[in-house]
Amino acid sequence: MTLDLVVLDMAGTTVADGGLVEDAFAAAARRLGEDPAPMLGHVRATMGESKISVFLHLFGGDETKARQATAAFEEAYGELVGAGAVAPVPGAADTIRALREQGRTVVLTTGFARVTQDALLDALGWRDLVDLALCPSDAGGRGRPYPDMVLAALLRTGAVDDVRHVAVAGDTAYDMLSGVRAGAGLVAGVLTGAHDRERLTAHGATHVLGSVAELPAAVAEWEAAR
């Protein structure tokens, strides 16, 4: 059995943003006249979730305010990206190239909106690095922990005909849940982002890696065992 489709998270997994997600959340809250301090615990706990969902929770289901906050977040994050505040996780680009050279299809996913994902891809020069990039709106609007983006990657690429041939990697509990719920054969947590080994494992990680640079070896080991 082989893992022919690899679905990778962006911020914290392939992209080192140095805490910019929290900074952008705080900036968005302040732009709406809110104190960000009481919100950051929930923000950290739900890293990987679509941002509109996080703001809906924080603002008690007020959709208008959540949409305003999401727009403010995307603007703040985009400003930070434009200022050069992001960089690839060491070895991430080489890992993606290696996986594709092995004949695997690689898809990047994010909880950000399309405009922010595009800004990241442009800032990193990654437009042509992967086969496909997906955000929640590309999968019906539901982000992680739902399995939708992983399944959308399968459907859009046609790379595999069995979810067990999919590998998912991310840095958050929600990344792990989305991989497990999609039925992926390998669900790898990485320790370069939001959550620790214990939390990743508790939410279904089949592997915990120091970084995404270790993924090709984990994929090879998984395949050899089968």
# chains A, B, ... in the order shown; residues from 1 in each chain; ligands from 1

$ residues_around --residues "stretch 73-76 of chain A" --least-positions-apart "6" --cutoff "12 Å" --atoms "only C-alpha atoms" --output "JSON, numbers by chain"
{"A": [20, 21, 22, 23, 24, 25, 26, 27, 28, 29, 30, 31, 32, 50, 51, 52, 54, 55, 66, 67, 82, 83, 85, 111, 112, 113, 114, 115, 116, 117, 118, 119, 120]}

$ write_last_selection --atoms "N, CA and C atoms" --output "tab-separated table (two decimals), in the first residue's frame"
chain	number	residue	atom	x	y	z
A	20	LEU	N	2.56	34.81	14.44
A	20	LEU	CA	1.81	35.85	13.75
A	20	LEU	C	0.31	35.65	13.82
A	21	VAL	N	-0.14	34.40	13.92
A	21	VAL	CA	-1.58	34.14	14.02
A	21	VAL	C	-2.14	34.82	15.27
A	22	GLU	N	-1.47	34.64	16.40
A	22	GLU	CA	-1.92	35.28	17.63
A	22	GLU	C	-1.84	36.80	17.50
A	23	ASP	N	-0.77	37.29	16.91
A	23	ASP	CA	-0.62	38.74	16.73
A	23	ASP	C	-1.77	39.31	15.89
A	24	ALA	N	-2.13	38.59	14.83
A	24	ALA	CA	-3.20	39.06	13.95
A	24	ALA	C	-4.55	38.98	14.64
A	25	PHE	N	-4.78	37.93	15.45
A	25	PHE	CA	-6.02	37.85	16.22
A	25	PHE	C	-6.12	39.03	17.18
A	26	ALA	N	-5.01	39.32	17.86
A	26	ALA	CA	-5.02	40.42	18.82
A	26	ALA	C	-5.29	41.75	18.11
A	27	ALA	N	-4.67	41.94	16.96
A	27	ALA	CA	-4.88	43.17	16.20
A	27	ALA	C	-6.34	43.29	15.76
A	28	ALA	N	-6.93	42.19	15.32
A	28	ALA	CA	-8.32	42.20	14.88
A	28	ALA	C	-9.25	42.56	16.04
A	29	ALA	N	-8.99	41.97	17.21
A	29	ALA	CA	-9.84	42.27	18.37
A	29	ALA	C	-9.75	43.75	18.73
A	30	ARG	N	-8.53	44.29	18.73
A	30	ARG	CA	-8.37	45.71	19.07
A	30	ARG	C	-9.07	46.62	18.06
A	31	ARG	N	-9.04	46.24	16.78
A	31	ARG	CA	-9.70	47.05	15.75
A	31	ARG	C	-11.21	47.09	15.94
A	32	LEU	N	-11.75	46.06	16.63
A	32	LEU	CA	-13.18	46.04	16.92
A	32	LEU	C	-13.48	46.57	18.33
A	50	SER	N	-10.96	27.07	11.10
A	50	SER	CA	-11.21	28.22	10.24
A	50	SER	C	-11.44	29.44	11.13
A	51	LYS	N	-10.93	30.57	10.69
A	51	LYS	CA	-10.94	31.75	11.55
A	51	LYS	C	-12.36	32.28	11.81
A	52	ILE	N	-13.25	32.17	10.85
A	52	ILE	CA	-14.63	32.63	11.07
A	52	ILE	C	-15.27	31.82	12.20
A	54	VAL	N	-13.73	30.46	14.77
A	54	VAL	CA	-13.15	30.90	16.04
A	54	VAL	C	-13.82	32.19	16.50
A	55	PHE	N	-13.97	33.15	15.60
A	55	PHE	CA	-14.60	34.41	15.97
A	55	PHE	C	-16.08	34.24	16.30
A	66	ALA	N	-18.47	38.54	13.86
A	66	ALA	CA	-17.46	37.53	13.53
A	66	ALA	C	-16.89	37.78	12.14
A	67	ARG	N	-17.74	38.17	11.20
A	67	ARG	CA	-17.26	38.45	9.85
A	67	ARG	C	-16.39	39.71	9.82
A	82	GLY	N	3.11	40.69	4.27
A	82	GLY	CA	3.68	41.63	3.32
A	82	GLY	C	4.95	42.28	3.82
A	83	ALA	N	5.07	42.37	5.15
A	83	ALA	CA	6.27	42.96	5.75
A	83	ALA	C	7.42	41.96	5.85
A	85	ALA	N	7.31	38.83	7.37
A	85	ALA	CA	7.38	38.18	8.68
A	85	ALA	C	7.17	36.67	8.65
A	111	GLY	N	-6.51	27.13	7.42
A	111	GLY	CA	-7.74	27.66	7.98
A	111	GLY	C	-7.95	29.11	7.61
A	112	PHE	N	-6.99	29.71	6.91
A	112	PHE	CA	-7.10	31.10	6.46
A	112	PHE	C	-8.06	31.21	5.28
A	113	ALA	N	-8.47	32.43	5.00
A	113	ALA	CA	-9.25	32.71	3.79
A	113	ALA	C	-8.32	32.65	2.57
A	114	ARG	N	-8.94	32.56	1.41
A	114	ARG	CA	-8.17	32.45	0.16
A	114	ARG	C	-7.19	33.61	-0.01
A	115	VAL	N	-7.61	34.84	0.31
A	115	VAL	CA	-6.74	35.99	0.10
A	115	VAL	C	-5.47	35.88	0.93
A	116	THR	N	-5.59	35.35	2.14
A	116	THR	CA	-4.42	35.20	3.01
A	116	THR	C	-3.55	34.04	2.55
A	117	GLN	N	-4.17	32.95	2.15
A	117	GLN	CA	-3.39	31.83	1.64
A	117	GLN	C	-2.61	32.26	0.39
A	118	ASP	N	-3.25	33.01	-0.49
A	118	ASP	CA	-2.56	33.48	-1.68
A	118	ASP	C	-1.38	34.40	-1.32
A	119	ALA	N	-1.58	35.25	-0.31
A	119	ALA	CA	-0.49	36.14	0.12
A	119	ALA	C	0.70	35.33	0.63
A	120	LEU	N	0.41	34.26	1.37
A	120	LEU	CA	1.48	33.39	1.86
A	120	LEU	C	2.21	32.71	0.70

$ residues_around --residues "stretch 210-216 of chain A" --least-positions-apart "4" --cutoff "9 Å" --atoms "only C-alpha atoms" --output "PyMOL selection string"
chain A and resi 8+13-14+89-96+98-99+169-171+188-192+220-221

$ atom_distance --atom1 "atom CA of A:Thr46" --atom2 "atom CA of A:Gly185"
23.7 Å

$ atom_distance --atom1 "atom CA of A:Trp126" --atom2 "atom CA of A:Arg44"
26.5 Å

$ select_by_dssp --residues "stretch 26-135 of chain A" --states "strand (DSSP E)" --output "PyMOL selection string"
chain A and resi 87-88+105-109+132-134

$ closest_residue --among "A:Leu80, A:Leu58, A:Val166, A:Val180" --to "A:Tyr146" --atoms "only C-alpha atoms"
A:Val180

$ residues_around --residues "A:Ala153" --least-positions-apart "2" --cutoff "12 Å" --atoms "only C-alpha atoms" --output "MDAnalysis selection string"
chainID A and resid 4:8 105:109 130:136 138:139 147:151 155:161 163 166:168 179 182 184

$ select_by_dssp --residues "stretch 38-140 of chain A" --states "alpha helix (DSSP H)" --output "ChimeraX atom specification"
/A:40-45,51-58,63-82,92-101,114-124

$ decode --residues "stretch 109-126 of chain A" --atoms "N, CA, C and O atoms" --output "compact mmCIF listing (two decimals), in the first residue's frame"
# COMPACT_ATOMS: atom_id res chain seq x y z
N THR A 109 -3.11 22.95 2.72
CA THR A 109 -4.40 23.40 3.24
C THR A 109 -4.19 24.41 4.36
O THR A 109 -3.13 24.45 4.99
N THR A 110 -5.23 25.20 4.64
CA THR A 110 -5.13 26.23 5.67
C THR A 110 -6.49 26.55 6.23
O THR A 110 -7.52 26.30 5.58
N GLY A 111 -6.51 27.13 7.42
CA GLY A 111 -7.74 27.66 7.98
C GLY A 111 -7.95 29.11 7.61
O GLY A 111 -8.98 29.70 7.96
N PHE A 112 -6.99 29.71 6.91
CA PHE A 112 -7.10 31.10 6.46
C PHE A 112 -8.06 31.21 5.28
O PHE A 112 -8.36 30.23 4.61
N ALA A 113 -8.47 32.43 5.00
CA ALA A 113 -9.25 32.71 3.79
C ALA A 113 -8.32 32.65 2.57
O ALA A 113 -7.10 32.71 2.69
N ARG A 114 -8.94 32.56 1.41
CA ARG A 114 -8.17 32.45 0.16
C ARG A 114 -7.19 33.61 -0.01
O ARG A 114 -6.05 33.41 -0.41
N VAL A 115 -7.61 34.84 0.31
CA VAL A 115 -6.74 35.99 0.10
C VAL A 115 -5.47 35.88 0.93
O VAL A 115 -4.38 36.25 0.48
N THR A 116 -5.59 35.35 2.14
CA THR A 116 -4.42 35.20 3.01
C THR A 116 -3.55 34.04 2.55
O THR A 116 -2.31 34.14 2.55
N GLN A 117 -4.17 32.95 2.15
CA GLN A 117 -3.39 31.83 1.64
C GLN A 117 -2.61 32.26 0.39
O GLN A 117 -1.42 31.92 0.25
N ASP A 118 -3.25 33.01 -0.49
CA ASP A 118 -2.56 33.48 -1.68
C ASP A 118 -1.38 34.40 -1.32
O ASP A 118 -0.32 34.34 -1.95
N ALA A 119 -1.58 35.25 -0.31
CA ALA A 119 -0.49 36.14 0.12
C ALA A 119 0.70 35.33 0.63
O ALA A 119 1.86 35.66 0.36
N LEU A 120 0.41 34.26 1.37
CA LEU A 120 1.48 33.39 1.86
C LEU A 120 2.21 32.71 0.70
O LEU A 120 3.45 32.68 0.66
N LEU A 121 1.45 32.16 -0.23
CA LEU A 121 2.07 31.47 -1.37
C LEU A 121 2.94 32.42 -2.17
O LEU A 121 4.05 32.06 -2.59
N ASP A 122 2.47 33.64 -2.34
CA ASP A 122 3.24 34.63 -3.10
C ASP A 122 4.50 35.04 -2.33
O ASP A 122 5.58 35.18 -2.92
N ALA A 123 4.35 35.26 -1.03
CA ALA A 123 5.49 35.70 -0.22
C ALA A 123 6.60 34.66 -0.21
O ALA A 123 7.79 34.99 -0.18
N LEU A 124 6.20 33.39 -0.24
CA LEU A 124 7.17 32.29 -0.19
C LEU A 124 7.63 31.84 -1.57
O LEU A 124 8.57 31.04 -1.68
N GLY A 125 6.95 32.32 -2.62
CA GLY A 125 7.28 31.86 -3.97
C GLY A 125 6.88 30.41 -4.19
O GLY A 125 7.54 29.69 -4.92
N TRP A 126 5.75 30.02 -3.61
CA TRP A 126 5.33 28.61 -3.62
C TRP A 126 4.18 28.33 -4.59
O TRP A 126 3.58 27.27 -4.55
